[in-house]
$ cat entry-v9.cif   # mmCIF, C-alpha atoms
data_upload
#
loop_
_atom_site.label_atom_id
_atom_site.label_comp_id
_atom_site.auth_asym_id
_atom_site.auth_seq_id
_atom_site.Cartn_x
_atom_site.Cartn_y
_atom_site.Cartn_z
CA MET A 15 -15.74 -19.93 15.82
CA ARG A 16 -16.04 -17.16 13.27
CA GLU A 17 -15.16 -17.44 9.59
CA MET A 18 -14.18 -14.43 7.53
CA LYS A 19 -13.42 -14.24 3.82
CA ILE A 20 -10.37 -12.40 2.57
CA GLU A 21 -10.91 -11.29 -1.02
CA THR A 22 -7.98 -10.25 -3.19
CA ALA A 23 -7.41 -10.01 -6.93
CA SER A 24 -5.39 -13.23 -6.91
CA LYS A 25 -7.25 -15.36 -4.35
CA THR A 26 -10.15 -15.58 -1.90
CA TYR A 27 -9.50 -17.57 1.27
CA PRO A 28 -11.00 -18.10 4.73
CA VAL A 29 -9.81 -16.87 8.10
CA TYR A 30 -11.05 -18.96 11.03
CA ILE A 31 -10.84 -17.25 14.40
CA GLY A 32 -11.94 -18.62 17.76
CA GLU A 33 -11.09 -20.89 20.67
CA ALA A 34 -10.01 -24.54 20.42
CA LEU A 35 -9.88 -24.52 16.62
CA PHE A 36 -7.41 -27.40 16.49
CA SER A 37 -10.10 -29.79 17.69
CA ALA A 38 -12.98 -28.03 15.93
CA LEU A 39 -11.33 -28.08 12.50
CA LYS A 40 -9.38 -31.34 12.62
CA GLY A 41 -11.98 -33.30 10.69
CA SER A 42 -12.50 -30.79 7.90
CA PHE A 43 -8.77 -30.21 7.50
CA ALA A 44 -8.10 -33.96 7.33
CA LYS A 45 -9.82 -33.77 3.94
CA GLU A 46 -7.83 -30.65 3.07
CA TRP A 47 -4.50 -32.35 3.70
CA LYS A 48 -5.35 -35.17 1.29
CA ARG A 49 -4.73 -32.69 -1.52
CA TYR A 50 -1.01 -32.71 -0.75
CA SER A 51 1.80 -35.21 -1.10
CA LYS A 52 3.72 -33.89 1.94
CA LEU A 53 3.57 -31.13 4.53
CA LEU A 54 6.37 -29.00 5.97
CA VAL A 55 5.67 -27.22 9.27
CA VAL A 56 7.80 -24.11 9.83
CA THR A 57 7.90 -22.89 13.42
CA ASP A 58 10.34 -21.49 15.98
CA GLU A 59 11.89 -23.00 19.07
CA HIS A 60 9.52 -21.26 21.49
CA VAL A 61 6.30 -22.27 19.71
CA ALA A 62 7.61 -25.81 19.19
CA SER A 63 8.30 -26.16 22.91
CA LEU A 64 4.77 -25.03 23.79
CA HIS A 65 2.51 -26.26 21.02
CA ARG A 66 4.22 -28.86 18.83
CA GLU A 67 2.20 -31.67 20.35
CA GLU A 68 -1.07 -29.89 19.53
CA MET A 69 -0.05 -29.45 15.90
CA GLU A 70 1.13 -33.05 15.65
CA THR A 71 -2.26 -34.21 16.93
CA PHE A 72 -3.98 -31.92 14.43
CA LEU A 73 -1.90 -33.46 11.62
CA SER A 74 -2.05 -37.03 12.94
CA GLU A 75 -3.82 -38.35 9.84
CA VAL A 76 -1.11 -36.99 7.52
CA GLU A 77 1.54 -39.59 6.69
CA GLN A 78 4.45 -37.39 5.64
CA VAL A 79 5.05 -34.33 7.81
CA SER A 80 8.45 -32.67 8.26
CA TRP A 81 9.39 -29.91 10.67
CA PHE A 82 11.72 -26.95 10.26
CA VAL A 83 12.37 -25.26 13.62
CA THR A 84 14.03 -21.84 13.54
CA PRO A 85 15.59 -19.54 16.14
CA ASN A 86 13.18 -17.24 17.97
CA GLY A 87 12.37 -13.69 16.93
CA GLU A 88 13.73 -11.65 14.04
CA ALA A 89 16.82 -13.86 13.98
CA ALA A 90 14.69 -16.24 11.91
CA LYS A 91 14.15 -13.73 9.09
CA THR A 92 17.69 -13.88 7.73
CA PHE A 93 19.12 -15.13 4.45
CA SER A 94 20.87 -18.00 6.22
CA VAL A 95 17.70 -19.28 7.93
CA TYR A 96 15.71 -18.84 4.73
CA GLU A 97 18.33 -20.90 2.87
CA ALA A 98 18.20 -23.55 5.59
CA GLY A 99 14.41 -23.70 5.17
CA ILE A 100 14.74 -24.23 1.42
CA THR A 101 17.33 -26.92 2.10
CA LYS A 102 14.97 -28.63 4.53
CA ALA A 103 12.23 -28.64 1.90
CA ILE A 104 14.57 -30.22 -0.63
CA GLU A 105 15.83 -32.81 1.86
CA ALA A 106 12.24 -33.67 2.78
CA SER A 107 11.51 -34.21 -0.93
CA LEU A 108 8.71 -31.69 -1.08
CA ASP A 109 7.29 -31.45 -4.58
CA ARG A 110 4.88 -29.09 -6.30
CA LYS A 111 1.96 -30.95 -4.76
CA SER A 112 3.29 -30.36 -1.24
CA ALA A 113 2.26 -27.59 1.14
CA LEU A 114 3.79 -25.58 3.96
CA ILE A 115 2.31 -24.62 7.33
CA ALA A 116 3.60 -21.42 8.98
CA PHE A 117 2.99 -22.07 12.68
CA GLY A 118 4.00 -19.11 14.81
CA GLY A 119 3.99 -15.34 15.02
CA GLY A 120 4.58 -12.69 12.40
CA VAL A 121 8.21 -13.63 11.86
CA ILE A 122 7.35 -17.27 11.12
CA GLY A 123 4.48 -16.22 8.88
CA ASP A 124 6.80 -13.97 6.88
CA LEU A 125 9.59 -16.55 6.66
CA GLY A 126 7.33 -19.54 6.01
CA GLY A 127 5.44 -17.63 3.35
CA MET A 128 8.70 -16.58 1.71
CA ILE A 129 9.89 -20.20 1.59
CA ALA A 130 6.54 -21.29 0.13
CA ALA A 131 6.48 -18.46 -2.41
CA THR A 132 9.90 -19.32 -3.81
CA TYR A 133 10.30 -23.08 -3.40
CA MET A 134 9.82 -24.60 -6.87
CA ARG A 135 8.41 -21.18 -7.86
CA GLY A 136 5.64 -21.50 -5.30
CA ILE A 137 3.77 -24.11 -3.28
CA PRO A 138 0.57 -23.61 -1.23
CA PHE A 139 0.90 -22.53 2.38
CA TYR A 140 -1.29 -22.06 5.45
CA GLN A 141 -1.01 -19.53 8.25
CA PHE A 142 -1.50 -20.80 11.80
CA PRO A 143 -0.75 -17.66 13.85
CA THR A 144 0.11 -17.93 17.54
CA THR A 145 0.52 -14.26 18.51
CA VAL A 146 -1.53 -11.07 18.67
CA LEU A 147 0.84 -9.47 16.16
CA ALA A 148 0.00 -12.16 13.63
CA HIS A 149 -3.63 -10.98 13.40
CA ASP A 150 -2.09 -8.37 11.14
CA SER A 151 0.80 -10.19 9.47
CA ALA A 152 -1.00 -13.49 8.73
CA VAL A 153 -3.62 -11.78 6.57
CA GLY A 154 -2.92 -10.10 3.27
CA GLY A 155 -0.14 -12.14 1.73
CA LYS A 156 2.95 -10.07 2.47
CA VAL A 157 5.92 -12.42 2.95
CA ALA A 158 9.54 -11.39 3.41
CA ILE A 159 12.90 -11.69 5.07
CA ASN A 160 15.13 -8.91 6.38
CA HIS A 161 18.34 -7.45 5.03
CA PRO A 162 20.86 -6.02 7.51
CA LEU A 163 20.15 -2.58 6.01
CA GLY A 164 16.39 -2.76 6.32
CA LYS A 165 13.35 -4.76 7.29
CA ASN A 166 11.32 -6.80 4.80
CA LEU A 167 13.35 -5.59 1.83
CA VAL A 168 13.37 -9.05 0.24
CA GLY A 169 9.89 -10.42 -0.22
CA ASN A 170 6.79 -11.05 -2.27
CA PHE A 171 2.99 -10.86 -2.27
CA TYR A 172 1.82 -14.45 -1.84
CA GLN A 173 -1.57 -15.27 -0.37
CA PRO A 174 -2.13 -18.29 1.93
CA GLU A 175 -4.76 -20.97 1.34
CA ALA A 176 -6.31 -20.28 4.74
CA VAL A 177 -5.60 -18.69 8.12
CA VAL A 178 -6.44 -20.63 11.30
CA TYR A 179 -6.27 -18.32 14.31
CA ASP A 180 -6.79 -20.29 17.53
CA THR A 181 -6.99 -17.61 20.21
CA ASN A 182 -6.37 -20.16 22.99
CA LEU A 183 -2.71 -20.09 21.97
CA LEU A 184 -2.44 -16.42 22.92
CA GLN A 185 -2.66 -17.21 26.63
CA THR A 186 0.92 -18.50 26.64
CA LEU A 187 2.33 -15.22 25.29
CA PRO A 188 4.57 -13.13 27.55
CA VAL A 189 3.14 -9.68 28.23
CA ARG A 190 5.85 -7.98 26.17
CA GLU A 191 4.78 -10.01 23.12
CA MET A 192 1.13 -9.25 23.84
CA ARG A 193 1.89 -5.53 23.87
CA SER A 194 3.90 -5.82 20.67
CA GLY A 195 0.96 -7.33 18.83
CA PHE A 196 -1.58 -4.98 20.39
CA ALA A 197 0.33 -2.07 18.82
CA GLU A 198 -0.92 -3.18 15.40
CA LEU A 199 -4.47 -3.20 16.77
CA ILE A 200 -3.98 0.41 17.87
CA LYS A 201 -2.75 1.17 14.35
CA HIS A 202 -5.87 -0.38 12.85
CA ALA A 203 -8.00 1.86 15.06
CA LEU A 204 -6.11 5.03 14.11
CA ILE A 205 -6.41 4.34 10.40
CA SER A 206 -10.10 3.37 10.53
CA GLU A 207 -12.38 5.19 12.98
CA GLN A 208 -12.52 7.07 16.27
CA GLY A 209 -15.08 4.63 17.67
CA PHE A 210 -12.65 1.74 17.34
CA LEU A 211 -9.97 3.69 19.18
CA ASN A 212 -12.43 4.73 21.90
CA SER A 213 -13.47 1.09 22.41
CA LEU A 214 -9.85 0.00 22.76
CA LYS A 215 -9.22 2.68 25.37
CA GLU A 216 -12.38 1.68 27.24
CA HIS A 217 -11.71 -2.07 27.32
CA PHE A 218 -7.92 -2.06 27.82
CA VAL A 219 -6.72 0.10 30.69
CA SER A 220 -3.85 -2.04 31.99
CA GLU A 221 -1.62 -4.78 30.62
CA THR A 222 -3.62 -7.48 32.41
CA ASP A 223 -6.61 -6.59 30.22
CA LEU A 224 -4.66 -7.81 27.20
CA TYR A 225 -5.40 -11.36 28.38
CA GLY A 226 -9.14 -10.71 28.73
CA LYS A 227 -11.98 -12.38 26.88
CA SER A 228 -12.72 -9.29 24.79
CA LEU A 229 -9.43 -9.43 22.90
CA PRO A 230 -10.57 -11.89 20.17
CA LEU A 231 -13.47 -9.59 19.27
CA PHE A 232 -11.08 -6.73 18.71
CA LEU A 233 -8.68 -8.95 16.79
CA GLU A 234 -11.53 -9.81 14.44
CA LYS A 235 -12.22 -6.09 14.01
CA GLY A 236 -8.56 -5.46 13.25
CA ILE A 237 -8.53 -8.23 10.66
CA SER A 238 -11.65 -6.78 9.02
CA VAL A 239 -9.99 -3.35 8.76
CA LYS A 240 -7.00 -4.87 7.02
CA ALA A 241 -9.13 -7.16 4.84
CA GLU A 242 -11.09 -4.24 3.43
CA ILE A 243 -7.90 -2.40 2.47
CA VAL A 244 -6.25 -5.49 0.98
CA LYS A 245 -9.40 -6.14 -1.06
CA GLN A 246 -8.97 -2.73 -2.68
CA ASP A 247 -5.20 -2.93 -3.19
CA GLU A 248 -3.51 -6.32 -2.93
CA THR A 249 0.01 -5.32 -4.03
CA GLU A 250 0.32 -1.92 -2.33
CA GLN A 251 -0.04 0.31 -5.36
CA GLY A 252 -2.27 2.71 -3.46
CA VAL A 253 -4.32 2.59 -0.26
CA ARG A 254 -2.61 -0.53 1.13
CA ALA A 255 0.33 1.72 1.96
CA PHE A 256 -1.89 3.22 4.69
CA LEU A 257 -1.35 -0.01 6.65
CA ASN A 258 2.23 1.19 7.04
CA PHE A 259 1.21 4.00 9.38
CA GLY A 260 4.03 4.26 11.93
CA HIS A 261 6.20 1.80 10.05
CA THR A 262 8.62 4.12 8.24
CA PHE A 263 10.12 5.33 11.51
CA GLY A 264 9.35 2.05 13.29
CA HIS A 265 11.22 -0.16 10.82
CA ALA A 266 14.15 2.28 10.90
CA LEU A 267 14.24 1.96 14.69
CA GLU A 268 14.15 -1.84 14.47
CA ALA A 269 17.14 -1.75 12.12
CA PHE A 270 18.91 0.67 14.51
CA GLY A 271 18.50 -1.95 17.22
CA ASN A 272 19.78 -4.71 14.92
CA PHE A 273 16.31 -6.30 15.00
CA GLU A 274 16.99 -7.43 18.58
CA ARG A 275 16.59 -4.45 20.88
CA PHE A 276 13.00 -3.52 19.98
CA LEU A 277 10.12 -5.85 19.28
CA HIS A 278 8.18 -4.91 16.17
CA GLY A 279 5.22 -3.46 18.04
CA GLU A 280 7.44 -1.52 20.43
CA ALA A 281 9.11 0.15 17.46
CA ILE A 282 5.75 0.79 15.79
CA ILE A 283 4.46 2.60 18.89
CA TYR A 284 7.41 4.99 18.58
CA GLY A 285 6.77 5.20 14.85
CA MET A 286 3.12 6.14 15.31
CA LEU A 287 3.95 8.76 17.91
CA TYR A 288 6.48 10.26 15.49
CA ALA A 289 3.99 10.13 12.59
CA LEU A 290 1.31 11.76 14.75
CA ARG A 291 3.69 14.63 15.48
CA LEU A 292 4.44 14.99 11.78
CA SER A 293 0.70 14.93 11.05
CA LYS A 294 0.06 17.72 13.53
CA LYS A 295 2.94 19.78 12.13
CA LEU A 296 2.26 19.30 8.42
CA LEU A 297 -1.48 18.65 8.19
CA GLY A 298 -2.87 20.36 11.27
CA LEU A 299 -4.15 17.10 12.75
CA GLN A 300 -6.32 17.75 15.79
CA PHE A 301 -5.18 15.03 18.18
CA GLU A 302 -4.36 15.22 21.88
CA LEU A 303 -1.06 13.43 22.27
CA ALA A 304 -0.71 13.69 26.06
CA PRO A 305 -3.76 11.56 27.04
CA PHE A 306 -2.99 9.12 24.23
CA GLU A 307 0.57 8.66 25.52
CA SER A 308 -0.71 8.29 29.09
CA TRP A 309 -2.99 5.47 27.94
CA LEU A 310 -0.06 3.78 26.20
CA VAL A 311 2.01 4.05 29.38
CA SER A 312 -0.83 2.47 31.38
CA LEU A 313 -0.54 -0.56 29.06
CA GLY A 314 3.19 -0.75 29.68
CA TYR A 315 4.53 0.87 26.52
CA ALA A 316 7.60 3.09 26.52
CA THR A 317 6.79 6.40 24.80
CA LYS A 318 10.00 8.37 25.44
CA LEU A 319 12.56 7.84 22.72
CA PRO A 320 15.83 6.46 24.18
CA GLN A 321 18.57 9.08 24.29
CA ASP A 322 21.08 6.98 22.37
CA VAL A 323 18.86 6.84 19.28
CA ALA A 324 20.51 9.20 16.80
CA PHE A 325 18.71 11.02 14.01
CA GLU A 326 21.43 10.36 11.43
CA ALA A 327 21.12 6.60 11.94
CA ILE A 328 17.32 6.68 11.77
CA TYR A 329 17.37 8.94 8.71
CA HIS A 330 19.83 6.64 6.95
CA ASN A 331 17.59 3.65 7.68
CA MET A 332 14.47 5.49 6.50
CA LEU A 333 16.16 6.05 3.15
CA HIS A 334 15.93 2.27 2.69
CA ASP A 335 12.19 2.20 3.40
CA LYS A 336 10.12 0.60 0.62
CA LYS A 337 8.09 3.80 0.19
CA THR A 338 11.23 5.88 -0.39
CA THR A 339 11.70 6.69 -4.07
CA PHE A 340 14.12 9.07 -5.79
CA GLY A 341 15.70 9.64 -2.38
CA GLU A 342 12.48 11.18 -1.02
CA ILE A 343 11.18 9.76 2.26
CA THR A 344 7.42 9.23 2.20
CA PHE A 345 5.30 8.98 5.33
CA VAL A 346 1.76 7.80 5.93
CA LEU A 347 0.17 10.73 7.77
CA LEU A 348 -3.19 11.32 9.42
CA GLN A 349 -5.45 14.17 8.38
CA ASP A 350 -7.94 12.82 10.91
CA ILE A 351 -8.67 9.43 12.50
CA GLY A 352 -9.45 7.22 9.51
CA SER A 353 -8.35 9.81 6.94
CA LEU A 354 -4.82 9.25 5.66
CA THR A 355 -2.46 10.50 3.00
CA LEU A 356 1.02 9.77 1.68
CA GLN A 357 3.41 12.70 1.83
CA THR A 358 7.09 13.20 1.16
CA VAL A 359 8.80 14.97 4.04
CA ASP A 360 11.98 17.08 3.87
CA ARG A 361 14.97 16.14 5.95
CA ASP A 362 14.82 19.41 7.94
CA VAL A 363 11.25 18.71 9.03
CA LEU A 364 12.11 15.12 9.89
CA GLU A 365 15.03 16.23 12.05
CA GLU A 366 13.11 19.02 13.77
CA THR A 367 10.28 16.62 14.62
CA PHE A 368 12.77 14.00 15.79
CA ILE A 369 14.36 16.48 18.20
CA GLN A 370 10.95 17.49 19.58
CA PHE A 371 10.00 13.84 19.97
CA LYS A 372 13.24 13.03 21.75
CA GLU A 373 12.77 15.97 24.10
CA GLY A 374 9.23 14.83 24.83
CA GLY A 375 7.56 17.80 23.22
CA ASP A 376 4.47 18.10 21.06
CA ALA A 377 4.52 19.15 17.43
#
$ encode --input "entry-v9.cif" --output "structure tokens"
Amino acid sequence: MREMKIETASKTYPVYIGEALFSALKGSFAKEWKRYSKLLVVTDEHVASLHREEMETFLSEVEQVSWFVTPNGEAAKTFSVYEAGITKAIEASLDRKSALIAFGGGVIGDLGGMIAATYMRGIPFYQFPTTVLAHDSAVGGKVAINHPLGKNLVGNFYQPEAVVYDTNLLQTLPVREMRSGFAELIKHALISEQGFLNSLKEHFVSETDLYGKSLPLFLEKGISVKAEIVKQDETEQGVRAFLNFGHTFGHALEAFGNFERFLHGEAIIYGMLYALRLSKKLLGLQFELAPFESWLVSLGYATKLPQDVAFEAIYHNMLHDKKTTFGEITFVLLQDIGSLTLQTVDRDVLEETFIQFKEGGDA
């Protein structure tokens, strides 16, 4: 088991990462739970079907535990499910000395954190991630729900008390979910250093490698990349925006697919490929796209933009991106691996790059 410290302006908290953490940490967390009058576990149907018994055993010494089980996927990050979660907390008589456990992937972490941040103006919560994607979303305190016009447009910055990342739980993930989460690891490499990217390409050459023993080591590296940025800029007033590399286009694509067609990481792969093309066009980035895309394909990613994706729809969705101000769309772009900048991009350049991307061309 490894323990990392996440330091922010508002809070410092531990991240535990390793195998079999439910048994390793049960004793120490039994003391932790005594601080609270009640616990509410927020999870989804899939995680509940696989791992509810493990969590119940972990919480066996807690007298008052309630469960709120949501639909799977992005369908859980809606106003109606958020309201149902608040209602569940009220019905369970949670008070200001209660706490919430977000037990699931990135969606559950976002939703559970949003419920915790707003119930009675805020109660403590804990992140128990169960996916590769959640190595990114569980750390840093961003919580949110979606609006039909855009992803994560309703949210807050609200740090957890702790993150418990039991990597044994990852073995039950379908390969599509593994790939989705691994996309954020690729992002962390691109925004940090060439050596990190080279190591990923060396250790992961097919989708079966995603289930290998080396994955937790890289997840820890990804968390450390994010932790360093969050330490500098908790509320995204500056460098934290760099963590959104690939997300302006990616979130727009998710909204185009009604948050059902594309998993988050699948959309972010497209978003990074688009942002890399913009970076080459506008900043002269020296980056060989063809071998990078071939590596992505070897892991099972789709890199060719579907023909039915229309620029007008994507452009309209990008106008609702959180970085868009005064009607100007701002992208995180790469000057080099690990060297990033924020830049507003004109519509004509966005459309030209979109057409090249769709046709499979380079910048």
$ resolve_selection --input "entry-v9.cif" --expression "the PyMOL selection byres ((chain A and resi 97-106) around 10)" --output "PyMOL selection string"
chain A and resi 52-56+78-84+92-96+107-109+112+114+125-126+128-130+132-134
$ write_last_selection --input "entry-v9.cif" --atoms "C-alpha atoms" --output "PDB file, in the coordinates of the input"
ATOM      1  CA  LYS A  52       3.720 -33.890   1.940  1.00  0.00           C
ATOM      2  CA  LEU A  53       3.570 -31.130   4.530  1.00  0.00           C
ATOM      3  CA  LEU A  54       6.370 -29.000   5.970  1.00  0.00           C
ATOM      4  CA  VAL A  55       5.670 -27.220   9.270  1.00  0.00           C
ATOM      5  CA  VAL A  56       7.800 -24.110   9.830  1.00  0.00           C
ATOM      6  CA  GLN A  78       4.450 -37.390   5.640  1.00  0.00           C
ATOM      7  CA  VAL A  79       5.050 -34.330   7.810  1.00  0.00           C
ATOM      8  CA  SER A  80       8.450 -32.670   8.260  1.00  0.00           C
ATOM      9  CA  TRP A  81       9.390 -29.910  10.670  1.00  0.00           C
ATOM     10  CA  PHE A  82      11.720 -26.950  10.260  1.00  0.00           C
ATOM     11  CA  VAL A  83      12.370 -25.260  13.620  1.00  0.00           C
ATOM     12  CA  THR A  84      14.030 -21.840  13.540  1.00  0.00           C
ATOM     13  CA  THR A  92      17.690 -13.880   7.730  1.00  0.00           C
ATOM     14  CA  PHE A  93      19.120 -15.130   4.450  1.00  0.00           C
ATOM     15  CA  SER A  94      20.870 -18.000   6.220  1.00  0.00           C
ATOM     16  CA  VAL A  95      17.700 -19.280   7.930  1.00  0.00           C
ATOM     17  CA  TYR A  96      15.710 -18.840   4.730  1.00  0.00           C
ATOM     18  CA  SER A 107      11.510 -34.210  -0.930  1.00  0.00           C
ATOM     19  CA  LEU A 108       8.710 -31.690  -1.080  1.00  0.00           C
ATOM     20  CA  ASP A 109       7.290 -31.450  -4.580  1.00  0.00           C
ATOM     21  CA  SER A 112       3.290 -30.360  -1.240  1.00  0.00           C
ATOM     22  CA  LEU A 114       3.790 -25.580   3.960  1.00  0.00           C
ATOM     23  CA  LEU A 125       9.590 -16.550   6.660  1.00  0.00           C
ATOM     24  CA  GLY A 126       7.330 -19.540   6.010  1.00  0.00           C
ATOM     25  CA  MET A 128       8.700 -16.580   1.710  1.00  0.00           C
ATOM     26  CA  ILE A 129       9.890 -20.200   1.590  1.00  0.00           C
ATOM     27  CA  ALA A 130       6.540 -21.290   0.130  1.00  0.00           C
ATOM     28  CA  THR A 132       9.900 -19.320  -3.810  1.00  0.00           C
ATOM     29  CA  TYR A 133      10.300 -23.080  -3.400  1.00  0.00           C
ATOM     30  CA  MET A 134       9.820 -24.600  -6.870  1.00  0.00           C
TER      31      MET A 134
END
$ closest_residue --input "entry-v9.cif" --among "A:Glu307, A:Val153, A:Tyr140, A:Glu191" --to "A:Phe171" --atoms "all atoms listed in the file"
A:Val153
$ closest_residue --input "entry-v9.cif" --among "A:Ala197, A:Leu184, A:Ala44, A:Ala113" --to "A:Leu277" --atoms "only C-alpha atoms"
A:Ala197
$ residues_around --input "entry-v9.cif" --residues "A:Asp223" --least-positions-apart "3" --cutoff "12 Å" --atoms "all atoms listed in the file" --output "PyMOL selection string"
chain A and resi 185+189+192-193+196+214-220+226-229+312-314
$ closest_atom_pairs --input "entry-v9.cif" --of "stretch 151-229 of chain A" --to "stretch 248-255 of chain A" --cutoff "12 Å" --atoms "only C-alpha atoms" --output "tab-separated table"
residue	atom	partner	partner_atom	distance
A:Val153	CA	A:Glu248	CA	11.0
A:Gly154	CA	A:Glu248	CA	7.3
A:Gly155	CA	A:Glu248	CA	8.2
A:Lys156	CA	A:Thr249	CA	8.6
A:Val157	CA	A:Thr249	CA	11.6
A:Gly169	CA	A:Thr249	CA	11.8
A:Asn170	CA	A:Thr249	CA	9.0
A:Phe171	CA	A:Thr249	CA	6.5
A:Tyr172	CA	A:Thr249	CA	9.6
A:Gln173	CA	A:Glu248	CA	9.5
A:Ile205	CA	A:Val253	CA	11.0
$ closest_residue --input "entry-v9.cif" --among "A:Phe371, A:Tyr50, A:Tyr30, A:Phe36" --to "A:Leu233" --atoms "only C-alpha atoms"
A:Tyr30
$ residues_near_point --input "entry-v9.cif" --point "(11.2, -9.3, 12.5)" --cutoff "10 Å" --atoms "only C-alpha atoms" --output "list of chain:residue names"
A:Asn86, A:Gly87, A:Glu88, A:Ala89, A:Ala90, A:Lys91, A:Thr92, A:Gly119, A:Gly120, A:Val121, A:Ile122, A:Asp124, A:Leu125, A:Ala158, A:Ile159, A:Asn160, A:Lys165, A:Asn166, A:His265, A:Glu268, A:Ala269, A:Phe273, A:Glu274, A:Phe276, A:Leu277, A:His278
$ atom_distance --input "entry-v9.cif" --atom1 "atom CA of A:Leu163" --atom2 "atom CA of A:Arg361"
19.4 Å
$ residues_near_point --input "entry-v9.cif" --point "(15.3, 0.0, 15.9)" --cutoff "12 Å" --atoms "all atoms listed in the file" --output "VMD selection string"
chain A and resid 88 162 to 165 261 to 285 319 to 320 322 to 325 327 to 329 331 to 332
$ write_last_selection --input "entry-v9.cif" --atoms "C-alpha atoms" --output "compact mmCIF listing (two decimals), keeping the file's coordinate frame"
# COMPACT_ATOMS: atom_id res chain seq x y z
CA GLU A 88 13.73 -11.65 14.04
CA PRO A 162 20.86 -6.02 7.51
CA LEU A 163 20.15 -2.58 6.01
CA GLY A 164 16.39 -2.76 6.32
CA LYS A 165 13.35 -4.76 7.29
CA HIS A 261 6.20 1.80 10.05
CA THR A 262 8.62 4.12 8.24
CA PHE A 263 10.12 5.33 11.51
CA GLY A 264 9.35 2.05 13.29
CA HIS A 265 11.22 -0.16 10.82
CA ALA A 266 14.15 2.28 10.90
CA LEU A 267 14.24 1.96 14.69
CA GLU A 268 14.15 -1.84 14.47
CA ALA A 269 17.14 -1.75 12.12
CA PHE A 270 18.91 0.67 14.51
CA GLY A 271 18.50 -1.95 17.22
CA ASN A 272 19.78 -4.71 14.92
CA PHE A 273 16.31 -6.30 15.00
CA GLU A 274 16.99 -7.43 18.58
CA ARG A 275 16.59 -4.45 20.88
CA PHE A 276 13.00 -3.52 19.98
CA LEU A 277 10.12 -5.85 19.28
CA HIS A 278 8.18 -4.91 16.17
CA GLY A 279 5.22 -3.46 18.04
CA GLU A 280 7.44 -1.52 20.43
CA ALA A 281 9.11 0.15 17.46
CA ILE A 282 5.75 0.79 15.79
CA ILE A 283 4.46 2.60 18.89
CA TYR A 284 7.41 4.99 18.58
CA GLY A 285 6.77 5.20 14.85
CA LEU A 319 12.56 7.84 22.72
CA PRO A 320 15.83 6.46 24.18
CA ASP A 322 21.08 6.98 22.37
CA VAL A 323 18.86 6.84 19.28
CA ALA A 324 20.51 9.20 16.80
CA PHE A 325 18.71 11.02 14.01
CA ALA A 327 21.12 6.60 11.94
CA ILE A 328 17.32 6.68 11.77
CA TYR A 329 17.37 8.94 8.71
CA ASN A 331 17.59 3.65 7.68
CA MET A 332 14.47 5.49 6.50
$ closest_residue --input "entry-v9.cif" --among "A:Lys240, A:Lys40, A:Lys201, A:Arg49" --to "A:Met286" --atoms "all atoms listed in the file"
A:Lys201
$ resolve_selection --input "entry-v9.cif" --expression "the PyMOL selection byres ((chain A and resi 358) around 10)" --output "ChimeraX atom specification"
/A:337-339,341-347,356-357,359-361
$ closest_residue --input "entry-v9.cif" --among "A:Glu175, A:Leu167, A:Leu199, A:His149" --to "A:Phe43" --atoms "all atoms listed in the file"
A:Glu175
$ atom_distance --input "entry-v9.cif" --atom1 "atom CA of A:Phe139" --atom2 "atom CA of A:Ile115"
5.6 Å
$ atom_distance --input "entry-v9.cif" --atom1 "atom CA of A:Leu183" --atom2 "atom CA of A:Glu77"
25.1 Å
